[in-house]
file run00.tsv (TSV, C-alpha atoms and all ligand atoms)
chain	number	residue	atom	x	y	z
A	1	MET	CA	9.60	2.24	-4.86
A	2	PRO	CA	6.96	2.49	-2.16
A	3	LYS	CA	7.11	5.36	0.34
A	4	ARG	CA	6.09	3.12	3.21
A	5	VAL	CA	6.84	-0.56	3.83
A	6	VAL	CA	5.19	-2.45	6.68
A	7	PHE	CA	5.61	-6.04	7.87
A	8	THR	CA	3.01	-7.71	10.06
A	9	PRO	CA	4.43	-9.60	13.07
A	10	ASP	CA	3.71	-13.11	11.76
A	11	THR	CA	5.58	-12.50	8.49
A	12	LEU	CA	8.95	-12.27	10.21
A	13	GLN	CA	8.55	-15.81	11.52
A	14	GLN	CA	8.50	-17.02	7.92
A	15	PRO	CA	11.83	-17.66	6.20
A	16	PHE	CA	10.44	-16.15	2.99
A	17	GLY	CA	9.22	-13.12	4.98
A	18	GLN	CA	12.75	-12.69	6.31
A	19	GLN	CA	14.09	-12.87	2.78
A	20	MET	CA	11.72	-10.09	1.70
A	21	PHE	CA	12.76	-8.07	4.73
A	22	GLU	CA	16.40	-8.30	3.63
A	23	ARG	CA	15.54	-7.38	0.05
A	24	VAL	CA	13.57	-4.33	1.11
A	25	LYS	CA	16.38	-3.20	3.41
A	26	ALA	CA	18.92	-3.73	0.62
A	27	HIS	CA	16.96	-1.19	-1.42
A	28	GLY	CA	17.54	1.35	1.34
A	29	LEU	CA	13.92	1.43	2.45
A	30	GLU	CA	12.81	1.89	6.03
A	31	VAL	CA	10.69	-0.95	7.38
A	32	GLU	CA	7.91	-0.50	9.92
A	33	LYS	CA	7.30	-3.61	11.98
A	34	LEU	CA	3.65	-3.57	12.95
A	35	LYS	CA	2.50	-4.63	16.40
A	36	SER	CA	-0.62	-6.34	15.09
A	37	ASN	CA	-1.70	-7.86	11.79
A	38	ARG	CA	-3.92	-4.89	10.99
A	39	ILE	CA	-2.60	-2.29	8.56
A	40	THR	CA	-3.57	1.19	9.69
A	41	GLY	CA	-2.74	4.74	8.68
A	42	LEU	CA	-3.98	4.44	5.10
A	43	ARG	CA	-7.06	6.63	5.30
A	44	GLY	CA	-6.57	10.15	3.97
A	45	ALA	CA	-8.86	13.19	4.03
A	46	ASP	CA	-10.64	11.98	0.90
A	47	GLU	CA	-10.67	9.05	-1.54
A	48	ARG	CA	-7.84	10.54	-3.60
A	49	GLU	CA	-5.55	10.83	-0.61
A	50	THR	CA	-6.43	7.36	0.65
A	51	TYR	CA	-5.67	6.09	-2.84
A	52	ARG	CA	-2.28	7.83	-2.87
A	53	ASN	CA	-1.35	6.56	0.60
A	54	ALA	CA	-2.35	3.02	-0.27
A	55	LYS	CA	-0.60	2.91	-3.67
A	56	ASN	CA	2.59	4.09	-1.97
A	57	THR	CA	2.46	1.35	0.65
A	58	LEU	CA	3.85	-2.15	0.42
A	59	ALA	CA	2.52	-4.40	3.16
A	60	VAL	CA	4.10	-7.78	3.69
A	61	VAL	CA	1.45	-10.02	5.22
A	62	CYS	CA	0.60	-13.71	5.50
A	63	ALA	CA	-2.16	-14.78	3.13
A	64	PRO	CA	-5.18	-16.03	5.12
A	65	PRO	CA	-6.05	-19.76	5.14
A	66	SER	CA	-8.79	-19.04	2.56
A	67	ALA	CA	-5.97	-18.45	0.02
A	68	LEU	CA	-5.35	-22.19	0.08
A	69	ARG	CA	-8.69	-22.67	-1.68
A	70	LEU	CA	-7.88	-21.78	-5.27
A	71	GLN	CA	-10.37	-20.12	-7.61
A	72	PRO	CA	-10.66	-21.06	-11.29
A	73	THR	CA	-9.66	-18.30	-13.68
A	74	PRO	CA	-10.91	-18.99	-17.19
A	75	PRO	CA	-10.04	-18.25	-19.93
A	76	SER	CA	-6.46	-17.38	-19.02
A	77	ALA	CA	-5.60	-20.40	-16.84
A	78	ASP	CA	-7.07	-23.22	-14.77
A	79	TRP	CA	-6.43	-21.66	-11.36
A	80	GLN	CA	-5.31	-18.40	-9.84
A	81	MET	CA	-2.41	-18.48	-7.41
A	82	ASN	CA	-1.91	-15.08	-5.88
A	83	LEU	CA	1.53	-14.13	-4.65
A	84	ALA	CA	0.32	-10.62	-3.85
A	85	GLU	CA	-2.77	-8.44	-4.15
A	86	GLY	CA	-2.67	-4.82	-5.25
A	87	CYS	CA	-0.37	-3.09	-7.70
A	88	PRO	CA	1.81	0.03	-7.66
A	89	ALA	CA	0.79	1.25	-11.15
A	90	HIS	CA	-1.97	3.72	-11.99
A	91	CYS	CA	-3.97	2.39	-14.93
A	92	GLN	CA	-7.14	4.36	-15.25
A	93	TYR	CA	-9.09	1.30	-16.37
A	94	CYS	CA	-7.57	-0.92	-13.67
A	95	TYR	CA	-9.09	-4.40	-13.48
A	96	LEU	CA	-8.65	-4.44	-9.72
A	97	ALA	CA	-10.93	-1.46	-9.08
A	98	GLY	CA	-14.07	-2.75	-7.52
A	99	SER	CA	-12.77	-6.31	-7.15
A	100	LEU	CA	-10.41	-5.81	-4.19
A	101	ALA	CA	-11.96	-4.44	-1.02
A	102	GLY	CA	-10.55	-1.42	0.78
A	103	PRO	CA	-7.74	0.99	-0.15
A	104	PRO	CA	-5.50	-0.34	-2.97
A	105	VAL	CA	-2.45	-1.14	-0.84
A	106	VAL	CA	-0.03	-3.75	-2.21
A	107	ARG	CA	-0.05	-6.86	-0.03
A	108	ALA	CA	2.73	-9.36	-0.71
A	109	TYR	CA	2.53	-12.78	0.86
A	110	ALA	CA	5.28	-13.96	3.18
A	111	ASN	CA	3.89	-17.51	3.25
A	112	LEU	CA	4.34	-17.89	-0.51
A	113	PRO	CA	6.24	-21.23	-0.32
A	114	GLU	CA	3.27	-22.75	1.53
A	115	LEU	CA	0.85	-21.31	-1.05
A	116	LEU	CA	2.92	-22.79	-3.85
A	117	GLN	CA	3.12	-26.25	-2.33
A	118	ASN	CA	-0.62	-26.19	-1.83
A	119	THR	CA	-1.17	-25.88	-5.60
A	120	ALA	CA	0.18	-29.41	-6.11
A	121	ARG	CA	-3.23	-30.65	-4.85
A	122	TYR	CA	-4.81	-29.05	-7.92
A	123	GLU	CA	-2.58	-30.70	-10.49
A	124	GLN	CA	-4.31	-33.42	-12.46
A	125	PRO	CA	-2.49	-36.46	-13.74
A	126	GLY	CA	-2.28	-36.76	-17.50
A	127	ARG	CA	-2.68	-33.07	-18.27
A	128	VAL	CA	-0.85	-29.81	-17.72
A	129	THR	CA	-2.57	-27.69	-15.07
A	130	SER	CA	-2.00	-23.95	-15.42
A	131	PHE	CA	-1.66	-21.45	-12.60
A	132	GLU	CA	-1.98	-17.71	-13.15
A	133	VAL	CA	-0.14	-15.45	-10.69
A	134	SER	CA	-1.12	-12.08	-12.16
A	135	CYS	CA	-4.82	-11.88	-11.40
A	136	TYR	CA	-4.55	-9.33	-8.61
A	137	THR	CA	-1.16	-7.70	-8.97
A	138	ASP	CA	1.56	-6.78	-11.41
A	139	VAL	CA	4.19	-9.35	-10.49
A	140	LEU	CA	7.18	-7.56	-12.05
A	141	GLY	CA	6.17	-4.24	-10.54
A	142	ILE	CA	7.03	-5.56	-7.08
A	143	GLU	CA	9.56	-8.29	-7.91
A	144	HIS	CA	12.63	-6.24	-6.94
A	145	LEU	CA	11.27	-5.98	-3.40
A	146	THR	CA	9.64	-9.40	-2.97
A	147	GLY	CA	11.37	-12.00	-5.16
A	148	GLY	CA	7.98	-13.73	-5.26
A	149	LEU	CA	7.91	-14.31	-9.01
A	150	GLU	CA	11.37	-15.89	-8.92
A	151	GLU	CA	10.16	-18.22	-6.16
A	152	CYS	CA	7.19	-19.25	-8.34
A	153	ILE	CA	9.29	-19.78	-11.48
A	154	ARG	CA	11.74	-21.98	-9.57
A	155	TYR	CA	8.91	-23.96	-7.99
A	156	TYR	CA	7.03	-24.69	-11.22
A	157	GLY	CA	10.34	-25.49	-12.89
A	158	THR	CA	10.26	-28.61	-10.72
A	159	ARG	CA	6.60	-29.54	-11.50
A	160	GLU	CA	6.19	-31.65	-14.58
A	161	GLY	CA	2.41	-31.42	-14.68
A	162	ALA	CA	2.09	-27.70	-14.18
A	163	GLN	CA	2.49	-24.43	-16.02
A	164	LEU	CA	3.00	-21.01	-14.48
A	165	ARG	CA	1.63	-17.97	-16.25
A	166	PHE	CA	2.39	-14.37	-15.49
A	167	VAL	CA	1.88	-11.06	-17.22
A	168	SER	CA	3.28	-7.61	-16.58
A	169	LYS	CA	3.44	-4.00	-17.73
A	170	TYR	CA	6.93	-3.58	-16.32
A	171	ASP	CA	10.24	-4.35	-17.95
A	172	ARG	CA	12.73	-5.37	-15.25
A	173	VAL	CA	13.38	-8.91	-16.34
A	174	ASP	CA	17.12	-9.25	-15.61
A	175	SER	CA	16.62	-11.35	-12.49
A	176	LEU	CA	14.40	-13.81	-14.40
A	177	LEU	CA	16.65	-14.58	-17.35
A	178	GLY	CA	18.86	-17.24	-15.75
A	179	LEU	CA	16.20	-19.05	-13.69
A	180	PRO	CA	15.60	-22.81	-14.11
A	181	HIS	CA	12.09	-22.50	-15.56
A	182	HIS	CA	12.40	-25.65	-17.72
A	183	GLY	CA	9.88	-24.24	-20.16
A	184	ARG	CA	7.09	-24.39	-17.58
A	185	THR	CA	6.55	-20.65	-17.25
A	186	ARG	CA	4.83	-18.63	-19.94
A	187	ALA	CA	6.11	-15.07	-19.55
A	188	ARG	CA	3.59	-12.62	-20.99
A	189	VAL	CA	3.76	-8.91	-21.55
A	190	SER	CA	0.69	-6.70	-21.54
A	191	LEU	CA	0.72	-4.29	-24.46
A	192	ASN	CA	-1.53	-1.62	-25.85
A	193	ALA	CA	-1.74	1.01	-28.56
A	194	GLU	CA	0.64	3.89	-27.86
A	195	PRO	CA	-2.06	6.51	-27.04
A	196	VAL	CA	-3.73	4.15	-24.54
A	197	ALA	CA	-0.44	3.29	-22.83
A	198	ARG	CA	0.64	6.92	-22.69
A	199	ARG	CA	-2.62	8.39	-21.46
A	200	LEU	CA	-4.05	5.67	-19.27
A	201	GLU	CA	-1.25	3.46	-17.92
A	202	GLY	CA	0.47	5.69	-15.37
A	203	GLY	CA	3.55	4.41	-13.60
A	204	THR	CA	4.17	1.47	-15.94
A	205	ALA	CA	7.10	0.88	-18.30
A	206	SER	CA	6.81	2.39	-21.79
A	207	VAL	CA	5.57	0.20	-24.64
A	208	GLU	CA	9.07	0.19	-26.11
A	209	ALA	CA	10.61	-0.98	-22.81
A	210	ARG	CA	8.00	-3.75	-22.55
A	211	LEU	CA	8.76	-4.87	-26.11
A	212	GLN	CA	12.45	-5.08	-25.29
A	213	ALA	CA	11.62	-7.05	-22.12
A	214	LEU	CA	9.52	-9.44	-24.20
A	215	ARG	CA	12.38	-9.90	-26.63
A	216	ARG	CA	14.86	-10.66	-23.84
A	217	LEU	CA	12.50	-13.14	-22.16
A	218	ALA	CA	12.02	-14.98	-25.46
A	219	LEU	CA	15.58	-14.95	-26.83
A	220	PRO	CA	17.40	-18.27	-26.45
A	221	ARG	CA	19.78	-18.58	-23.53
A	222	GLU	CA	22.79	-18.75	-25.88
A	223	GLN	CA	21.88	-15.27	-27.08
A	224	GLY	CA	21.62	-13.82	-23.62
A	225	GLY	CA	17.87	-14.23	-23.24
A	226	GLY	CA	15.68	-16.20	-20.84
A	227	GLY	CA	14.49	-18.83	-23.34
A	228	TYR	CA	10.96	-18.60	-22.00
A	229	PRO	CA	7.78	-19.50	-23.83
A	230	VAL	CA	6.27	-16.02	-24.13
A	231	GLY	CA	2.95	-14.34	-24.72
A	232	VAL	CA	1.39	-11.06	-25.65
A	233	VAL	CA	-1.72	-9.92	-23.83
A	234	LEU	CA	-3.34	-7.18	-25.86
A	235	ALA	CA	-5.49	-5.50	-23.28
A	236	PRO	CA	-7.69	-3.68	-22.88
A	237	ILE	CA	-8.39	-3.20	-26.58
A	238	MET	CA	-10.15	0.14	-27.04
A	239	GLN	CA	-11.93	1.76	-29.94
A	240	ILE	CA	-9.97	4.98	-29.72
A	241	PRO	CA	-9.94	7.33	-32.74
A	242	ASN	CA	-7.92	5.69	-35.56
A	243	TRP	CA	-7.69	2.48	-33.56
A	244	ARG	CA	-6.81	0.37	-36.59
A	245	GLU	CA	-3.77	2.46	-37.38
A	246	HIS	CA	-2.54	2.51	-33.76
A	247	TYR	CA	-2.95	-1.21	-33.25
A	248	LEU	CA	-1.33	-2.02	-36.60
A	249	ASP	CA	1.64	0.01	-35.50
A	250	LEU	CA	1.79	-2.00	-32.26
A	251	LEU	CA	1.54	-5.35	-34.09
A	252	ASP	CA	4.36	-4.29	-36.40
A	253	ARG	CA	6.50	-3.35	-33.44
A	254	ILE	CA	5.83	-6.72	-31.78
A	255	ALA	CA	6.89	-8.42	-35.00
A	256	GLY	CA	10.06	-6.29	-34.98
A	257	ALA	CA	10.87	-7.25	-31.38
A	258	LEU	CA	10.27	-10.96	-32.01
A	259	ASP	CA	12.13	-11.37	-35.29
A	260	PHE	CA	13.36	-14.89	-34.43
A	261	PRO	CA	11.55	-18.22	-33.95
A	262	CYS	CA	9.95	-18.47	-30.51
A	263	ASP	CA	7.07	-20.12	-28.66
A	264	LEU	CA	4.51	-17.30	-28.69
A	265	THR	CA	0.79	-17.00	-27.91
A	266	VAL	CA	-1.61	-14.06	-27.82
A	267	GLU	CA	-4.67	-13.17	-25.76
A	268	PHE	CA	-7.10	-10.45	-26.82
A	269	ILE	CA	-9.15	-8.70	-24.15
A	270	THR	CA	-11.49	-5.85	-25.04
A	271	HIS	CA	-12.26	-3.04	-22.64
A	272	ARG	CA	-15.11	-3.58	-20.22
A	273	PHE	CA	-16.29	-2.09	-16.97
A	274	THR	CA	-18.87	-2.73	-14.28
A	275	PRO	CA	-20.99	-0.15	-12.42
A	276	GLY	CA	-18.78	-0.81	-9.37
A	277	SER	CA	-15.44	-0.44	-11.17
A	278	LYS	CA	-16.62	2.73	-12.94
A	279	ASP	CA	-17.56	4.23	-9.58
A	280	VAL	CA	-14.22	3.46	-7.97
A	281	LEU	CA	-12.19	4.54	-11.00
A	282	LEU	CA	-13.97	7.88	-11.28
A	283	GLN	CA	-13.11	8.55	-7.64
A	284	TRP	CA	-9.47	7.64	-8.22
A	285	TYR	CA	-9.15	9.38	-11.61
A	286	PRO	CA	-11.83	12.07	-11.75
A	287	ASN	CA	-10.29	13.68	-14.87
A	288	THR	CA	-9.89	10.51	-16.87
A	289	SER	CA	-10.47	10.56	-20.63
A	290	LEU	CA	-11.53	6.92	-20.52
A	291	ASP	CA	-14.83	6.16	-22.26
A	292	PHE	CA	-17.30	5.02	-19.60
A	293	ASP	CA	-20.46	5.71	-21.61
A	294	GLU	CA	-22.92	2.88	-20.94
A	295	ALA	CA	-25.13	4.06	-23.81
A	296	THR	CA	-22.58	2.96	-26.41
A	297	ARG	CA	-22.05	-0.46	-24.83
A	298	ALA	CA	-23.82	-3.79	-24.60
A	299	VAL	CA	-24.73	-5.29	-21.24
A	300	LYS	CA	-23.38	-8.70	-20.34
A	301	ARG	CA	-24.70	-10.49	-17.26
A	302	ASN	CA	-22.82	-13.20	-15.42
A	303	LYS	CA	-24.34	-16.18	-13.66
A	304	PHE	CA	-24.20	-14.39	-10.30
A	305	GLY	CA	-26.38	-11.52	-11.57
A	306	GLY	CA	-23.45	-9.08	-12.03
A	307	THR	CA	-23.48	-6.60	-14.92
A	308	LYS	CA	-20.63	-5.77	-17.27
A	309	TYR	CA	-20.51	-3.18	-20.05
A	310	VAL	CA	-18.74	-4.49	-23.14
A	311	TYR	CA	-18.56	-3.29	-26.75
A	312	GLN	CA	-21.65	-3.75	-28.93
A	313	PRO	CA	-21.79	-7.05	-30.88
A	314	ASP	CA	-21.14	-5.30	-34.22
A	315	ASP	CA	-18.09	-3.50	-32.87
A	316	MET	CA	-16.86	-6.72	-31.30
A	317	ARG	CA	-17.18	-8.59	-34.59
A	318	THR	CA	-15.32	-5.90	-36.51
A	319	MET	CA	-12.50	-5.74	-33.99
A	320	LYS	CA	-12.20	-9.49	-33.61
A	321	GLN	CA	-11.94	-10.02	-37.34
A	322	PHE	CA	-9.34	-7.28	-37.64
A	323	PHE	CA	-7.14	-8.56	-34.81
A	324	TYR	CA	-7.28	-12.23	-35.84
A	325	GLN	CA	-6.45	-11.38	-39.43
A	326	GLU	CA	-3.61	-9.01	-38.66
A	327	TRP	CA	-2.17	-11.29	-35.99
A	328	GLN	CA	-2.20	-14.36	-38.23
A	329	LYS	CA	-0.59	-12.39	-41.04
A	330	ARG	CA	2.38	-11.54	-38.83
A	331	PHE	CA	2.54	-14.60	-36.56
A	332	PRO	CA	1.12	-17.58	-38.46
A	333	SER	CA	2.41	-20.10	-35.94
A	334	ALA	CA	1.51	-18.21	-32.73
A	335	PRO	CA	-1.93	-19.36	-31.57
A	336	VAL	CA	-4.64	-17.01	-30.35
A	337	GLN	CA	-5.60	-18.31	-26.92
A	338	TYR	CA	-8.89	-16.43	-26.69
A	339	TRP	CA	-10.78	-13.27	-27.54
A	340	THR	CA	-12.98	-11.73	-24.90
B	1	LIG	S1	-0.86	-2.86	-14.05
B	1	LIG	FE1	-2.81	-4.01	-13.92
B	1	LIG	S2	-3.25	-4.16	-11.74
B	1	LIG	FE2	-1.69	-2.56	-11.98
B	1	LIG	S3	-2.84	-0.62	-12.10
B	1	LIG	FE3	-2.53	-1.37	-14.20
B	1	LIG	S4	-4.38	-2.59	-14.68
B	1	LIG	FE4	-4.29	-2.31	-12.45
call {"tool": "encode", "arguments": {"input": "run00.tsv", "output": "structure tokens"}}
result
Amino acid sequence: MPKRVVFTPDTLQQPFGQQMFERVKAHGLEVEKLKSNRITGLRGADERETYRNAKNTLAVVCAPPSALRLQPTPPSADWQMNLAEGCPAHCQYCYLAGSLAGPPVVRAYANLPELLQNTARYEQPGRVTSFEVSCYTDVLGIEHLTGGLEECIRYYGTREGAQLRFVSKYDRVDSLLGLPHHGRTRARVSLNAEPVARRLEGGTASVEARLQALRRLALPREQGGGGYPVGVVLAPIMQIPNWREHYLDLLDRIAGALDFPCDLTVEFITHRFTPGSKDVLLQWYPNTSLDFDEATRAVKRNKFGGTKYVYQPDDMRTMKQFFYQEWQKRFPSAPVQYWT
């Protein structure tokens, strides 16, 4: 629950903005109607306070026209379709640090129906085009207040040539179970070894709660589940002490939660950071135990000249082999979508 909820003036002209307004009110939250489209009052005395103010604020805004130009998002999907930017959780390795400008306020888009319809232009005949809605937010973390994910699932349920993909570290899936997804949404849950989740993923649902959410999403409708194609995103994989043991425990628990036939995939993402994200994260979480030691990492450059610190090639090989082997042992018919 945010401490502050603001709506910009143009959002209340949108039927979907009105719907969000009603939802927020139904949760007993006060709404501030802003006079202009600028969100103010986020800056605190220092970075920490600004961070706290921003993370506790939900701003309902209209996505700018530039949001109609989709960006590719390999390897997880063809295109990103953002229903919001910013996330209420406190992961100390957060992927958003350094990639979103300004204080990390959650911005949910009131013009979502327009954004969704726009994605039809990106569908290609003869193939399934995938759209990822979780690039810049945790969709389930804000769903109770926005209903945005439900809107997306319903929309793609009507699109034969498209697939919706989302991933979350939250567990409130009740509202999703009965939706007409028609198998066109892959519902993924982000999981990690217990010590990583406990120490570094503040404000998220526990691993156990996420496993139960995954089970309910995957269970057939007749058994009270959502009947969704599902996925596990193991991320970010970290070489913590005794990592093999901790990740084996997690894989066993996933196998326990999914002890029935289901359409399952997995994505493996190892921990990485950039000079920019390290900077921001150390301001937000100055006491973090996260390993940010460049000396133990390999440098990866992208085509725009950016630098990323990833695990050394030898470590990568060892981990990759381990995860592929252990995954295939437990889930022989659940494909690995990628390792990165
Ligand atoms: S759930 Fe994702 S977006 Fe939210 S704080 Fe954690 S890493 Fe960042």
call {"tool": "residues_near_ligand", "arguments": {"input": "run00.tsv", "ligand": "ligand LIG 1 (chain B)", "cutoff": "6 Å", "atoms": "all atoms listed in the file", "output": "list of chain:residue names"}}
result
A:Cys87, A:Ala89, A:His90, A:Cys91, A:Cys94, A:Tyr95, A:Leu96, A:Thr137, A:Asp138, A:Lys169
call {"tool": "closest_atom_pairs", "arguments": {"input": "run00.tsv", "of": "segment 230-270 of chain A", "to": "segment 212-221 of chain A", "cutoff": "12 Å", "atoms": "only C-alpha atoms", "output": "Markdown table"}}
result
| residue | atom | partner | partner_atom | distance |
| --- | --- | --- | --- | --- |
| A:Val230 | CA | A:Ala218 | CA | 6.0 |
| A:Gly231 | CA | A:Leu214 | CA | 8.2 |
| A:Val232 | CA | A:Leu214 | CA | 8.4 |
| A:Val233 | CA | A:Leu214 | CA | 11.3 |
| A:Arg253 | CA | A:Gln212 | CA | 10.2 |
| A:Ile254 | CA | A:Leu214 | CA | 8.9 |
| A:Ala255 | CA | A:Arg215 | CA | 10.1 |
| A:Gly256 | CA | A:Arg215 | CA | 9.4 |
| A:Ala257 | CA | A:Arg215 | CA | 5.6 |
| A:Leu258 | CA | A:Arg215 | CA | 5.9 |
| A:Asp259 | CA | A:Arg215 | CA | 8.8 |
| A:Phe260 | CA | A:Leu219 | CA | 7.9 |
| A:Pro261 | CA | A:Leu219 | CA | 8.8 |
| A:Cys262 | CA | A:Ala218 | CA | 6.5 |
| A:Asp263 | CA | A:Ala218 | CA | 7.8 |
| A:Leu264 | CA | A:Ala218 | CA | 8.5 |
| A:Thr265 | CA | A:Ala218 | CA | 11.7 |
call {"tool": "closest_residue", "arguments": {"input": "run00.tsv", "among": "A:Tyr122, A:Phe323, A:Trp284, A:Tyr156", "to": "Tyr93 of chain A", "atoms": "only C-alpha atoms"}}
result
A:Trp284
call {"tool": "residues_around", "arguments": {"input": "run00.tsv", "residues": "segment 100-103 of chain A", "least_positions_apart": "2", "cutoff": "9 Å", "atoms": "all atoms listed in the file", "output": "PDB file with C-alpha atoms, in the frame of the given file"}}
result
ATOM      1  CA  LEU A  42      -3.980   4.440   5.100  1.00  0.00           C
ATOM      2  CA  ARG A  43      -7.060   6.630   5.300  1.00  0.00           C
ATOM      3  CA  GLU A  47     -10.670   9.050  -1.540  1.00  0.00           C
ATOM      4  CA  THR A  50      -6.430   7.360   0.650  1.00  0.00           C
ATOM      5  CA  TYR A  51      -5.670   6.090  -2.840  1.00  0.00           C
ATOM      6  CA  ASN A  53      -1.350   6.560   0.600  1.00  0.00           C
ATOM      7  CA  ALA A  54      -2.350   3.020  -0.270  1.00  0.00           C
ATOM      8  CA  LYS A  55      -0.600   2.910  -3.670  1.00  0.00           C
ATOM      9  CA  GLU A  85      -2.770  -8.440  -4.150  1.00  0.00           C
ATOM     10  CA  GLY A  86      -2.670  -4.820  -5.250  1.00  0.00           C
ATOM     11  CA  LEU A  96      -8.650  -4.440  -9.720  1.00  0.00           C
ATOM     12  CA  ALA A  97     -10.930  -1.460  -9.080  1.00  0.00           C
ATOM     13  CA  GLY A  98     -14.070  -2.750  -7.520  1.00  0.00           C
ATOM     14  CA  VAL A 105      -2.450  -1.140  -0.840  1.00  0.00           C
ATOM     15  CA  TYR A 136      -4.550  -9.330  -8.610  1.00  0.00           C
TER      16      TYR A 136
END
call {"tool": "atom_distance", "arguments": {"input": "run00.tsv", "atom1": "atom CA of Trp243 of chain A", "atom2": "atom CA of Thr307 of chain A"}}
result
26.1 Å
call {"tool": "closest_residue", "arguments": {"input": "run00.tsv", "among": "A:Glu208, A:Glu267, A:Asp279, A:Asp291", "to": "Leu250 of chain A", "atoms": "all atoms listed in the file"}}
result
A:Glu208
call {"tool": "atom_distance", "arguments": {"input": "run00.tsv", "atom1": "atom CA of Val128 of chain A", "atom2": "atom CA of Leu140 of chain A"}}
result
24.3 Å
call {"tool": "atom_distance", "arguments": {"input": "run00.tsv", "atom1": "atom CA of Pro64 of chain A", "atom2": "atom CA of Thr11 of chain A"}}
result
11.8 Å
call {"tool": "residues_around", "arguments": {"input": "run00.tsv", "residues": "Leu234 of chain A", "least_positions_apart": "3", "cutoff": "10 Å", "atoms": "only C-alpha atoms", "output": "ChimeraX atom specification"}}
result
/A:189-193,231,237,247,250-251,266-270,323,339
call {"tool": "write_last_selection", "arguments": {"input": "run00.tsv", "atoms": "C-alpha atoms", "output": "PDB file, in the frame of the given file"}}
result
ATOM      1  CA  VAL A 189       3.760  -8.910 -21.550  1.00  0.00           C
ATOM      2  CA  SER A 190       0.690  -6.700 -21.540  1.00  0.00           C
ATOM      3  CA  LEU A 191       0.720  -4.290 -24.460  1.00  0.00           C
ATOM      4  CA  ASN A 192      -1.530  -1.620 -25.850  1.00  0.00           C
ATOM      5  CA  ALA A 193      -1.740   1.010 -28.560  1.00  0.00           C
ATOM      6  CA  GLY A 231       2.950 -14.340 -24.720  1.00  0.00           C
ATOM      7  CA  ILE A 237      -8.390  -3.200 -26.580  1.00  0.00           C
ATOM      8  CA  TYR A 247      -2.950  -1.210 -33.250  1.00  0.00           C
ATOM      9  CA  LEU A 250       1.790  -2.000 -32.260  1.00  0.00           C
ATOM     10  CA  LEU A 251       1.540  -5.350 -34.090  1.00  0.00           C
ATOM     11  CA  VAL A 266      -1.610 -14.060 -27.820  1.00  0.00           C
ATOM     12  CA  GLU A 267      -4.670 -13.170 -25.760  1.00  0.00           C
ATOM     13  CA  PHE A 268      -7.100 -10.450 -26.820  1.00  0.00           C
ATOM     14  CA  ILE A 269      -9.150  -8.700 -24.150  1.00  0.00           C
ATOM     15  CA  THR A 270     -11.490  -5.850 -25.040  1.00  0.00           C
ATOM     16  CA  PHE A 323      -7.140  -8.560 -34.810  1.00  0.00           C
ATOM     17  CA  TRP A 339     -10.780 -13.270 -27.540  1.00  0.00           C
TER      18      TRP A 339
END
call {"tool": "closest_residue", "arguments": {"input": "run00.tsv", "among": "A:Ala209, A:Ala197, A:Leu145, A:Leu282", "to": "Ala26 of chain A", "atoms": "all atoms listed in the file"}}
result
A:Leu145
call {"tool": "closest_residue", "arguments": {"input": "run00.tsv", "among": "A:Cys135, A:Pro229, A:Pro332, A:Val167", "to": "Pro74 of chain A", "atoms": "all atoms listed in the file"}}
result
A:Cys135
call {"tool": "closest_residue", "arguments": {"input": "run00.tsv", "among": "A:Gln163, A:Thr296, A:Thr73, A:Ser333", "to": "Gln124 of chain A", "atoms": "all atoms listed in the file"}}
result
A:Gln163
